[in-house]
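Colleague: Input final_26.cif, format and content: mmCIF, C-alpha atoms and all ligand atoms.
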```
data_data
#
loop_
_atom_site.label_atom_id
_atom_site.label_comp_id
_atom_site.auth_asym_id
_atom_site.auth_seq_id
_atom_site.Cartn_x
_atom_site.Cartn_y
_atom_site.Cartn_z
CA MET F 1 0.00 0.00 0.00
CA ALA F 2 1.26 3.44 -0.80
CA LEU F 3 2.59 5.43 2.08
CA LYS F 4 0.15 8.04 3.24
CA LYS F 5 1.29 11.40 4.50
CA ASN F 6 0.53 11.85 8.17
CA SER F 7 -0.70 15.38 8.05
CA THR F 8 -2.21 15.68 11.50
CA VAL F 9 0.97 15.76 13.55
CA ALA F 10 3.10 18.02 11.39
CA GLU F 11 0.36 20.45 10.53
CA ASN F 12 -1.06 21.01 13.95
CA GLU F 13 2.14 21.46 15.85
CA ASP F 14 3.26 25.04 16.26
CA SER F 15 6.69 25.84 14.95
CA ILE F 16 9.09 27.60 17.28
CA SER F 17 8.66 30.81 15.32
CA ALA F 18 4.89 30.58 15.57
CA LEU F 19 5.10 30.11 19.33
CA LYS F 20 7.47 33.01 19.64
CA ALA F 21 5.17 35.16 17.51
CA LYS F 22 2.12 34.23 19.56
CA GLN F 23 3.92 35.08 22.74
CA LEU F 24 5.19 38.39 21.44
CA PHE F 25 1.92 39.63 20.06
CA LYS F 26 -0.11 38.39 23.00
CA HIS F 27 2.29 40.12 25.35
CA ASP F 28 1.80 43.18 23.27
CA SER F 29 -1.97 43.38 23.70
CA ARG F 30 -1.63 46.95 24.92
CA PRO F 31 -5.05 48.52 25.07
CA LYS F 32 -5.64 50.52 21.93
CA LYS F 33 -5.09 54.16 22.71
CA GLU F 34 -7.29 56.83 21.31
CA ASN F 35 -5.43 59.02 18.83
CA LYS F 36 -4.69 62.49 20.08
CA VAL F 37 -5.70 65.59 18.19
CA LEU F 38 -3.40 68.57 17.94
CA THR F 39 -4.65 71.78 19.45
CA THR F 40 -2.97 75.17 19.67
CA PHE F 41 -3.45 78.25 21.78
CA SER F 42 -1.41 81.27 22.68
CA ILE F 43 -0.27 82.27 26.13
CA GLU F 44 1.73 85.05 27.79
CA PRO F 45 5.42 84.11 27.82
CA SER F 46 5.85 84.84 31.51
CA PHE F 47 2.88 82.65 32.44
CA LYS F 48 4.20 79.94 30.16
CA ARG F 49 7.59 80.03 31.89
CA GLU F 50 5.91 79.83 35.26
CA LEU F 51 3.90 76.79 34.20
CA GLU F 52 6.90 75.15 32.54
CA GLU F 53 8.88 75.46 35.74
CA MET F 54 6.07 73.94 37.75
CA PHE F 55 5.61 71.06 35.26
CA SER F 56 9.31 70.36 35.05
CA GLY F 57 9.42 70.09 38.85
CA MET F 58 6.86 67.34 38.45
CA GLY F 59 8.92 65.66 35.73
CA LEU F 60 6.47 66.70 33.01
CA GLY F 61 7.16 68.37 29.69
CA TRP F 62 4.99 71.18 28.37
CA ALA F 63 2.35 69.10 26.58
CA ALA F 64 2.20 66.42 29.27
CA GLY F 65 1.88 69.13 31.91
CA ILE F 66 -0.98 70.85 30.13
CA ARG F 67 -2.79 67.55 29.68
CA PHE F 68 -2.28 66.71 33.32
CA ALA F 69 -3.48 70.12 34.45
CA LEU F 70 -6.59 69.92 32.30
CA LYS F 71 -7.40 66.44 33.55
CA GLU F 72 -7.11 67.64 37.14
CA PHE F 73 -9.29 70.63 36.31
CA SER F 74 -11.94 68.47 34.69
CA LYS F 75 -11.90 66.04 37.63
CA LYS F 76 -12.38 68.91 40.04
CA TYR F 77 -15.19 70.68 38.20
CA SER F 78 -17.03 67.89 36.44
CA GLU F 79 -19.08 66.80 39.39
CA MET Z 1 -1.20 68.93 6.51
CA SER Z 2 2.09 67.21 5.87
CA LYS Z 3 2.89 63.82 7.33
CA THR Z 4 6.25 62.16 7.95
CA ILE Z 5 6.74 58.40 8.20
CA SER Z 6 9.77 56.26 9.05
CA PHE Z 7 9.82 52.55 8.27
CA HIS Z 8 12.04 51.19 10.96
CA LEU Z 9 13.36 48.15 12.75
CA GLN Z 10 16.92 48.14 14.07
CA LYS Z 11 17.52 44.82 12.31
CA GLY Z 12 19.23 44.99 8.91
CA GLY Z 13 17.89 43.78 5.60
CA VAL Z 14 14.18 43.57 6.47
CA GLY Z 15 13.12 45.83 3.61
CA LYS Z 16 13.27 49.34 5.10
CA THR Z 17 14.71 50.87 1.94
CA THR Z 18 12.60 48.78 -0.41
CA ILE Z 19 9.40 49.78 1.36
CA SER Z 20 10.42 53.44 1.83
CA GLY Z 21 11.26 53.72 -1.86
CA THR Z 22 8.25 51.82 -3.15
CA LEU Z 23 5.76 53.73 -1.04
CA SER Z 24 7.40 57.05 -1.91
CA CYS Z 25 6.86 56.20 -5.58
CA GLN Z 26 3.27 55.13 -4.93
CA SER Z 27 2.49 58.36 -3.13
CA ALA Z 28 4.07 60.46 -5.90
CA MET Z 29 2.25 58.50 -8.58
CA ASN Z 30 -0.99 59.30 -6.82
CA GLY Z 31 -0.19 62.97 -7.26
CA PHE Z 32 1.16 63.92 -3.84
CA THR Z 33 4.34 65.96 -3.57
CA THR Z 34 6.54 63.40 -1.87
CA LEU Z 35 10.04 63.66 -0.46
CA LEU Z 36 12.24 60.67 0.27
CA VAL Z 37 14.97 61.60 2.74
CA ASP Z 38 17.94 59.27 2.77
CA VAL Z 39 19.03 59.13 6.40
CA ASP Z 40 21.24 56.08 5.87
CA PRO Z 41 24.99 56.70 5.43
CA GLN Z 42 25.01 53.78 2.99
CA GLY Z 43 22.85 55.86 0.65
CA ASN Z 44 20.90 52.92 -0.78
CA ALA Z 45 17.70 54.87 -1.42
CA SER Z 46 19.73 57.56 -3.20
CA SER Z 47 21.57 55.23 -5.54
CA TRP Z 48 18.30 53.45 -6.27
CA PHE Z 49 16.57 56.58 -7.54
CA TYR Z 50 19.38 58.78 -8.69
CA ASP Z 51 21.99 57.67 -11.14
CA GLY Z 52 24.40 60.54 -11.48
CA GLU Z 53 26.53 63.02 -9.61
CA LEU Z 54 25.26 65.61 -7.20
CA GLN Z 55 26.91 68.41 -5.29
CA TYR Z 56 25.07 68.42 -1.98
CA GLU Z 57 23.56 65.88 0.39
CA LEU Z 58 21.58 65.65 3.62
CA SER Z 59 24.58 66.07 5.91
CA ASP Z 60 25.47 69.34 4.15
CA VAL Z 61 21.99 70.64 4.90
CA LEU Z 62 22.22 69.56 8.54
CA GLN Z 63 25.53 71.36 8.90
CA GLY Z 64 24.38 74.50 7.17
CA LYS Z 65 26.76 74.07 4.24
CA CYS Z 66 23.99 74.61 1.70
CA PHE Z 67 20.32 75.53 1.48
CA ILE Z 68 17.76 72.73 1.62
CA THR Z 69 16.62 73.59 -1.88
CA GLU Z 70 20.13 73.13 -3.21
CA ALA Z 71 20.33 69.55 -1.97
CA ILE Z 72 16.88 68.28 -2.96
CA VAL Z 73 16.60 66.73 -6.41
CA GLU Z 74 13.62 65.90 -8.54
CA ILE Z 75 13.35 62.33 -9.80
CA PRO Z 76 12.75 62.81 -13.52
CA THR Z 77 11.03 59.48 -14.21
CA ILE Z 78 8.55 59.87 -11.36
CA PRO Z 79 6.65 63.16 -11.31
CA ASN Z 80 6.08 64.56 -7.78
CA LEU Z 81 8.92 62.52 -6.28
CA PHE Z 82 11.86 64.34 -4.73
CA LEU Z 83 14.97 63.04 -3.02
CA LEU Z 84 17.15 64.51 -0.29
CA PRO Z 85 20.14 62.28 -0.94
CA THR Z 86 23.04 60.84 0.99
CA PHE Z 87 26.23 59.86 -0.77
CA GLY Z 88 27.22 56.28 -0.06
CA ILE Z 89 30.72 57.09 -1.24
CA GLY Z 90 32.48 60.21 -0.03
CA GLY Z 91 29.45 61.36 1.94
CA GLY Z 92 29.54 63.06 5.31
CA LEU Z 93 26.51 61.61 7.10
CA LYS Z 94 28.36 58.87 8.96
CA GLN Z 95 30.90 61.30 10.33
CA TYR Z 96 28.15 63.76 11.23
CA ALA Z 97 26.20 61.05 13.05
CA GLU Z 98 29.26 59.99 15.00
CA THR Z 99 30.45 63.41 16.03
CA LYS Z 100 27.83 66.12 15.96
CA ILE Z 101 24.36 64.72 16.36
CA ALA Z 102 24.72 63.99 20.08
CA ASP Z 103 24.49 67.72 20.72
CA GLU Z 104 21.46 68.23 18.54
CA PRO Z 105 18.99 65.32 18.77
CA TYR Z 106 16.18 67.49 17.37
CA VAL Z 107 18.04 68.48 14.22
CA LEU Z 108 16.00 66.18 11.95
CA GLN Z 109 12.79 67.25 13.62
CA ASP Z 110 13.64 70.86 12.79
CA LEU Z 111 14.49 69.90 9.25
CA VAL Z 112 11.21 68.03 8.79
CA ARG Z 113 9.28 71.01 10.14
CA GLU Z 114 10.94 73.21 7.57
CA LEU Z 115 10.26 70.75 4.77
CA SER Z 116 6.65 70.17 5.70
CA GLY Z 117 5.70 73.49 4.14
CA SER Z 118 6.84 72.28 0.73
CA PHE Z 119 5.99 68.56 0.76
CA GLU Z 120 2.72 66.82 1.48
CA ARG Z 121 4.37 63.58 2.40
CA ILE Z 122 7.83 62.81 3.71
CA ILE Z 123 9.42 59.39 4.10
CA LEU Z 124 12.67 58.87 5.99
CA ASP Z 125 14.82 55.87 5.09
CA LEU Z 126 16.97 54.93 8.09
CA SER Z 127 19.98 52.72 8.55
CA PRO Z 128 19.67 49.65 10.76
CA GLY Z 129 20.39 50.23 14.42
CA LEU Z 130 19.14 52.54 17.12
CA GLY Z 131 21.97 55.02 17.44
CA LYS Z 132 21.71 58.79 17.74
CA LEU Z 133 21.00 59.33 14.06
CA GLU Z 134 18.17 56.79 14.01
CA ARG Z 135 16.70 58.16 17.24
CA SER Z 136 16.78 61.64 15.86
CA ALA Z 137 14.96 60.48 12.74
CA LEU Z 138 12.40 58.46 14.69
CA ILE Z 139 11.33 61.42 16.79
CA ALA Z 140 11.19 63.59 13.68
CA SER Z 141 8.42 61.32 12.38
CA ASP Z 142 4.70 61.43 12.99
CA GLU Z 143 4.50 57.69 12.66
CA ILE Z 144 6.89 54.73 12.65
CA ILE Z 145 5.88 51.62 10.77
CA THR Z 146 7.94 48.51 11.36
CA PRO Z 147 8.89 46.29 8.45
CA MET Z 148 9.90 42.76 9.43
CA THR Z 149 10.56 39.50 7.72
CA PRO Z 150 8.62 36.46 8.93
CA GLU Z 151 11.38 34.80 10.91
CA VAL Z 152 12.47 34.51 14.48
CA PHE Z 153 15.22 37.17 14.49
CA SER Z 154 12.76 39.76 13.26
CA LEU Z 155 10.40 38.81 16.08
CA ASP Z 156 13.23 39.27 18.57
CA GLY Z 157 14.02 42.54 16.83
CA LEU Z 158 10.45 43.79 17.14
CA GLU Z 159 10.34 42.90 20.83
CA ILE Z 160 13.52 44.90 21.42
CA PHE Z 161 12.29 47.75 19.26
CA ILE Z 162 8.99 48.12 21.13
CA ASP Z 163 10.92 48.30 24.37
CA GLU Z 164 13.57 50.73 23.15
CA LEU Z 165 11.04 52.99 21.44
CA GLU Z 166 9.16 53.49 24.71
CA LYS Z 167 12.39 54.75 26.28
CA ILE Z 168 13.25 56.98 23.35
CA LYS Z 169 9.77 58.50 23.38
CA LYS Z 170 9.99 59.18 27.08
CA ASN Z 171 13.51 60.59 27.07
CA LEU Z 172 13.00 62.81 24.06
CA ARG Z 173 9.36 63.60 24.86
CA SER Z 174 8.05 62.37 21.56
CA PRO Z 175 4.44 61.50 20.72
CA VAL Z 176 5.43 59.46 17.63
CA ARG Z 177 2.98 56.67 16.83
CA HIS Z 178 3.92 53.02 16.36
CA GLU Z 179 0.80 51.05 15.49
CA LYS Z 180 1.50 49.29 12.22
CA ILE Z 181 3.79 46.51 11.07
CA ILE Z 182 4.52 45.21 7.60
CA ILE Z 183 5.49 41.58 7.18
CA ASN Z 184 7.76 41.74 4.17
CA SER Z 185 8.92 39.05 1.76
CA PHE Z 186 5.85 37.07 2.71
CA ASP Z 187 5.45 33.70 1.00
CA GLU Z 188 2.05 32.17 1.53
CA ARG Z 189 3.37 28.71 0.70
CA ILE Z 190 5.54 28.75 3.79
CA ARG Z 191 3.77 27.61 6.92
CA GLN Z 192 5.97 29.63 9.26
CA HIS Z 193 5.09 32.82 7.39
CA LYS Z 194 1.39 32.17 7.77
CA ASP Z 195 1.79 31.30 11.45
CA ILE Z 196 3.63 34.52 12.18
CA TYR Z 197 1.12 36.57 10.20
CA GLU Z 198 -1.80 35.00 12.05
CA ALA Z 199 -0.17 35.53 15.42
CA ALA Z 200 0.52 39.16 14.53
CA MET Z 201 -3.12 39.65 13.59
CA MET Z 202 -4.09 38.72 17.14
CA GLY Z 203 -2.07 41.56 18.66
CA SER Z 204 -2.82 45.26 18.77
CA PHE Z 205 -0.81 46.23 15.68
CA GLU Z 206 -2.43 46.83 12.35
CA VAL Z 207 -0.70 44.23 10.18
CA PHE Z 208 0.12 44.42 6.47
CA LYS Z 209 2.08 42.07 4.29
CA ILE Z 210 4.14 42.44 1.13
CA PRO Z 211 4.76 39.30 -0.91
CA VAL Z 212 8.19 38.16 -1.90
CA ASP Z 213 8.70 39.56 -5.40
CA PRO Z 214 11.95 39.55 -7.41
CA VAL Z 215 10.95 42.78 -9.15
CA PHE Z 216 11.97 44.80 -6.10
CA ARG Z 217 15.59 43.72 -6.46
CA LYS Z 218 15.54 44.13 -10.24
CA SER Z 219 14.07 47.61 -10.06
CA GLN Z 220 16.80 48.58 -7.59
CA GLU Z 221 19.46 47.31 -9.97
CA ARG Z 222 18.01 49.33 -12.86
CA ASN Z 223 17.32 52.56 -10.94
CA VAL Z 224 13.57 52.55 -11.53
CA ALA Z 225 10.36 52.51 -9.51
CA PRO Z 226 9.19 48.91 -8.94
CA GLN Z 227 5.76 49.93 -10.18
CA LEU Z 228 7.28 50.98 -13.53
CA PHE Z 229 9.66 48.07 -13.96
CA LYS Z 230 8.87 45.75 -16.87
CA GLN Z 231 10.87 42.86 -18.24
CA ARG Z 232 9.39 40.98 -21.20
CA GLY Z 233 6.12 42.67 -20.41
CA LYS Z 234 6.15 41.54 -16.80
CA GLY Z 235 6.40 43.68 -13.71
CA LEU Z 236 5.39 43.37 -10.08
CA LYS Z 237 2.97 40.54 -9.35
CA PRO Z 238 -0.66 41.68 -9.15
CA ILE Z 239 -0.79 40.67 -5.45
CA THR Z 240 2.30 42.77 -4.77
CA LEU Z 241 0.76 45.81 -6.44
CA GLU Z 242 -2.43 45.26 -4.53
CA ALA Z 243 -0.50 45.06 -1.24
CA ILE Z 244 1.35 48.30 -1.99
CA LYS Z 245 -1.87 50.12 -2.83
CA LYS Z 246 -3.53 48.86 0.32
CA ILE Z 247 -0.68 50.07 2.52
CA ASP Z 248 -0.54 53.41 0.70
CA ALA Z 249 -4.27 53.90 1.24
CA LYS Z 250 -3.91 53.39 5.00
CA ILE Z 251 -0.71 55.03 6.12
CA TRP Z 252 -1.21 58.67 5.17
CA ARG Z 253 -4.32 59.30 7.22
N1 LIG F 301 9.21 41.83 -0.80
C1 LIG F 301 10.45 41.52 -1.25
N2 LIG F 301 10.62 40.52 -2.14
C2 LIG F 301 11.84 40.20 -2.60
N3 LIG F 301 12.96 40.83 -2.26
C3 LIG F 301 12.87 41.84 -1.38
C4 LIG F 301 11.62 42.26 -0.83
N4 LIG F 301 11.85 43.28 0.02
C5 LIG F 301 13.18 43.51 -0.02
N5 LIG F 301 13.81 42.66 -0.86
C6 LIG F 301 15.25 42.59 -1.14
O1 LIG F 301 15.93 42.33 0.07
C7 LIG F 301 17.16 43.04 0.14
C8 LIG F 301 17.18 43.90 1.40
O2 LIG F 301 16.18 44.89 1.32
P1 LIG F 301 16.42 46.40 1.78
O3 LIG F 301 17.73 46.90 1.31
O4 LIG F 301 15.21 47.16 1.41
O5 LIG F 301 16.49 46.18 3.36
P2 LIG F 301 16.90 47.25 4.46
O6 LIG F 301 16.12 46.93 5.67
O7 LIG F 301 16.78 48.62 3.91
O8 LIG F 301 18.43 46.92 4.67
P3 LIG F 301 19.49 47.78 5.55
O9 LIG F 301 19.21 47.39 6.96
O10 LIG F 301 20.82 47.32 5.06
O11 LIG F 301 19.22 49.22 5.28
C9 LIG F 301 17.24 43.83 -1.15
O12 LIG F 301 18.02 43.14 -2.06
C10 LIG F 301 15.81 43.90 -1.66
O13 LIG F 301 15.73 43.98 -3.07
MG MG F 302 18.21 50.19 3.86
#
```
Show how you would write the structure in this file as structure tokens.
Modeller:
Amino acid sequence: MALKKNSTVAENEDSISALKAKQLFKHDSRPKKENKVLTTFSIEPSFKRELEEMFSGMGLGWAAGIRFALKEFSKKYSE
Amino acid sequence: MSKTISFHLQKGGVGKTTISGTLSCQSAMNGFTTLLVDVDPQGNASSWFYDGELQYELSDVLQGKCFITEAIVEIPTIPNLFLLPTFGIGGGLKQYAETKIADEPYVLQDLVRELSGSFERIILDLSPGLGKLERSALIASDEIITPMTPEVFSLDGLEIFIDELEKIKKNLRSPVRHEKIIINSFDERIRQHKDIYEAAMMGSFEVFKIPVDPVFRKSQERNVAPQLFKQRGKGLKPITLEAIKKIDAKIWR
């Protein structure tokens, strides 16, 4: 009788690369972040410096500081 | 508004230049003013699209030795495509990257800002690695898309890249996006390729694939756009063209 290919074993076993890929992409299931929109506004330079100093003391850059400040503001006044 | 994309993985030979060049051509062919910036001291993208001698290159612009407009060249065979070249031989980018860029990590970001008034779409072709030059280019981009080949070293490479990019973004305060990967040189007959593609689809990246196609290499040898390459009436495979169009339609949003 002709030899029949045993397809079940070979085809259902994950290759090392496939395992590695599964692990990597599973590990990476970071929650999808909402895209940010760019917004601009103008501000007095002295006030900007004051804020920048305060943010930098908190380890935040300009944009991160503004976002943080607005989040705090919205938490405080939303209820 | 102008958009800047880098196709990057620190691993070599995964198709960064091939994809940067091909998608630059696609964008230009669709009528968008497109600039390909060769940020690789090897100058592969430049020698692919420009077959001649030029006076100025990217590193001259970065060092203020010439005006941007003096260094940018139009690619005659592809309307709307422009190149800011790097000379693979006798060029100054390697030296610049080794000596000067440490003091000015935002130099490419500044350059891109200046260029964005004149070009609708900008693509940066980087060298492999994650040194100062590559970091500078990454944070100059709006989006980084990672090309990888479907094998285990690329997977390792991506894992490292995700990790390193987080640090770079934090240290240099960059909002650059990294949400898409392209599995390049994909061969659907190979089980491992399909496995890796399927696994990637389960993650949070948007996943594209580009088939293995010998026309890429041939078009690079003949200094033409892959989309325009024909040999005995044959060019890129229809599935390759389809893949390129699909990626082009998604990445510029
Ligand atoms: N989809 C593909 N099908 C067939 N060949 C390909 C494909 N993509 C890239 N190649 C070939 O693979 C080789 C490496 O590609 P490329 O130079 O684009 O990689 P790279 O990531 O830019 O390399 P480096 O890290 O050296 O900059 C080239 O010869 C190219 O023609
Ligand atoms: Mg390259």
Colleague: Within 7 Å of chain F, which residues of chain Z come that close, and what is the closest atom pair and distance in Å for each? Count only C-alpha atoms and give it as CSV.
Modeller:
```
residue,atom,partner,partner_atom,distance
Z:Glu151,CA,F:Ser17,CA,6.5
Z:Val152,CA,F:Ser17,CA,5.4
Z:Leu155,CA,F:Ala21,CA,6.5
Z:Glu159,CA,F:Leu24,CA,6.9
Z:Gln192,CA,F:Ala18,CA,6.5
Z:Asp195,CA,F:Ala18,CA,5.2
Z:Ile196,CA,F:Ala18,CA,5.3
Z:Ala199,CA,F:Lys22,CA,4.9
Z:Ala200,CA,F:Phe25,CA,5.7
Z:Met202,CA,F:Phe25,CA,6.7
Z:Gly203,CA,F:Phe25,CA,4.6
Z:Ser204,CA,F:Ser29,CA,5.3
```
Colleague: At a cut-off of 10 Å and counting only C-alpha atoms and all ligand atoms, what residues surround ligand LIG 301 (chain F)? Please answer as a PyMOL selection string.
Modeller: chain Z and resi 7-22+39-45+125-129+147-149+183-187+209-221+236+240
Colleague: Do you have the atom CA of Z:Val73-atom CA of Z:Ile244 distance handy?
Modeller: 24.3 Å
Colleague: With all atoms listed in the file as the basis for distance, which of Z:Glu57, Z:Cys66, Z:Leu83, Z:Leu124 is at the shortest distance from ligand MG 302 (chain F)?
Modeller: Z:Leu124
Colleague: To one decimal place in Å, what is the distance between atom CA of Z:Ile168 and atom CA of Z:Tyr106?
Modeller: 12.4 Å
Colleague: For ligand MG 302 (chain F), which residue among Z:Ile190, Z:Leu54, Z:Leu111, Z:Val37 is the nearest when counting all atoms listed in the file?
Modeller: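 Closest to ligand MG 302 (chain F) of all the choices is Z:Val37.
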Colleague: So that I can check the surroundings of Z:Pro85, please list as a compact mmCIF listing (two decimals) with C-alpha atoms, in the coordinates of the input every protein, DNA and RNA residue that reaches within 6 Å of it, counting all atoms listed in the file and ignoring chain neighbours fewer than 6 positions away.
Modeller:
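Saved file out37.txt follows:
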```txt
# COMPACT_ATOMS: atom_id res chain seq x y z
CA ASP Z 38 17.94 59.27 2.77
CA SER Z 46 19.73 57.56 -3.20
CA GLU Z 57 23.56 65.88 0.39
CA LEU Z 58 21.58 65.65 3.62
```
Colleague: Calculate how many Å separate atom CA of Z:Ile247 from atom CA of Z:Thr146, rounding to one decimal.
Modeller: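 Value for the atom CA of Z:Ile247-atom CA of Z:Thr146 distance: 12.4 Å.
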Colleague: Using only C-alpha atoms - which residues lie no farther than 10 Å from the point (5.6, 72.1, 1.5) in the file's frame? Write them as an mmCIF file with C-alpha atoms, in the frame of the given file.
Modeller:
```cif
data_model
loop_
_atom_site.group_PDB
_atom_site.id
_atom_site.type_symbol
_atom_site.label_atom_id
_atom_site.label_comp_id
_atom_site.auth_asym_id
_atom_site.auth_seq_id
_atom_site.Cartn_x
_atom_site.Cartn_y
_atom_site.Cartn_z
ATOM 1 C CA MET Z 1 -1.200 68.930 6.510
ATOM 2 C CA SER Z 2 2.090 67.210 5.870
ATOM 3 C CA THR Z 33 4.340 65.960 -3.570
ATOM 4 C CA THR Z 34 6.540 63.400 -1.870
ATOM 5 C CA LEU Z 35 10.040 63.660 -0.460
ATOM 6 C CA ARG Z 113 9.280 71.010 10.140
ATOM 7 C CA GLU Z 114 10.940 73.210 7.570
ATOM 8 C CA LEU Z 115 10.260 70.750 4.770
ATOM 9 C CA SER Z 116 6.650 70.170 5.700
ATOM 10 C CA GLY Z 117 5.700 73.490 4.140
ATOM 11 C CA SER Z 118 6.840 72.280 0.730
ATOM 12 C CA PHE Z 119 5.990 68.560 0.760
ATOM 13 C CA GLU Z 120 2.720 66.820 1.480
ATOM 14 C CA ARG Z 121 4.370 63.580 2.400
ATOM 15 C CA ILE Z 122 7.830 62.810 3.710
#
```
Colleague: Where's the centre, and what are the edge lengths in Å to one decimal, of a box along x, y and z enclosing all listed atoms of stretch 44-60 of chain F padded 8 Å per side, as JSON?
Modeller:
```
{"center_x": 5.6, "center_y": 75.4, "center_z": 33.3, "size_x": 23.7, "size_y": 35.4, "size_z": 27.1}
```
Colleague: Using only C-alpha atoms for the distances, tell me which of F:Glu34, F:Ile66, F:Leu3, F:Lys75 is nearest to F:Leu51.
Modeller: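 Of all the options, F:Ile66 lies closest to F:Leu51.
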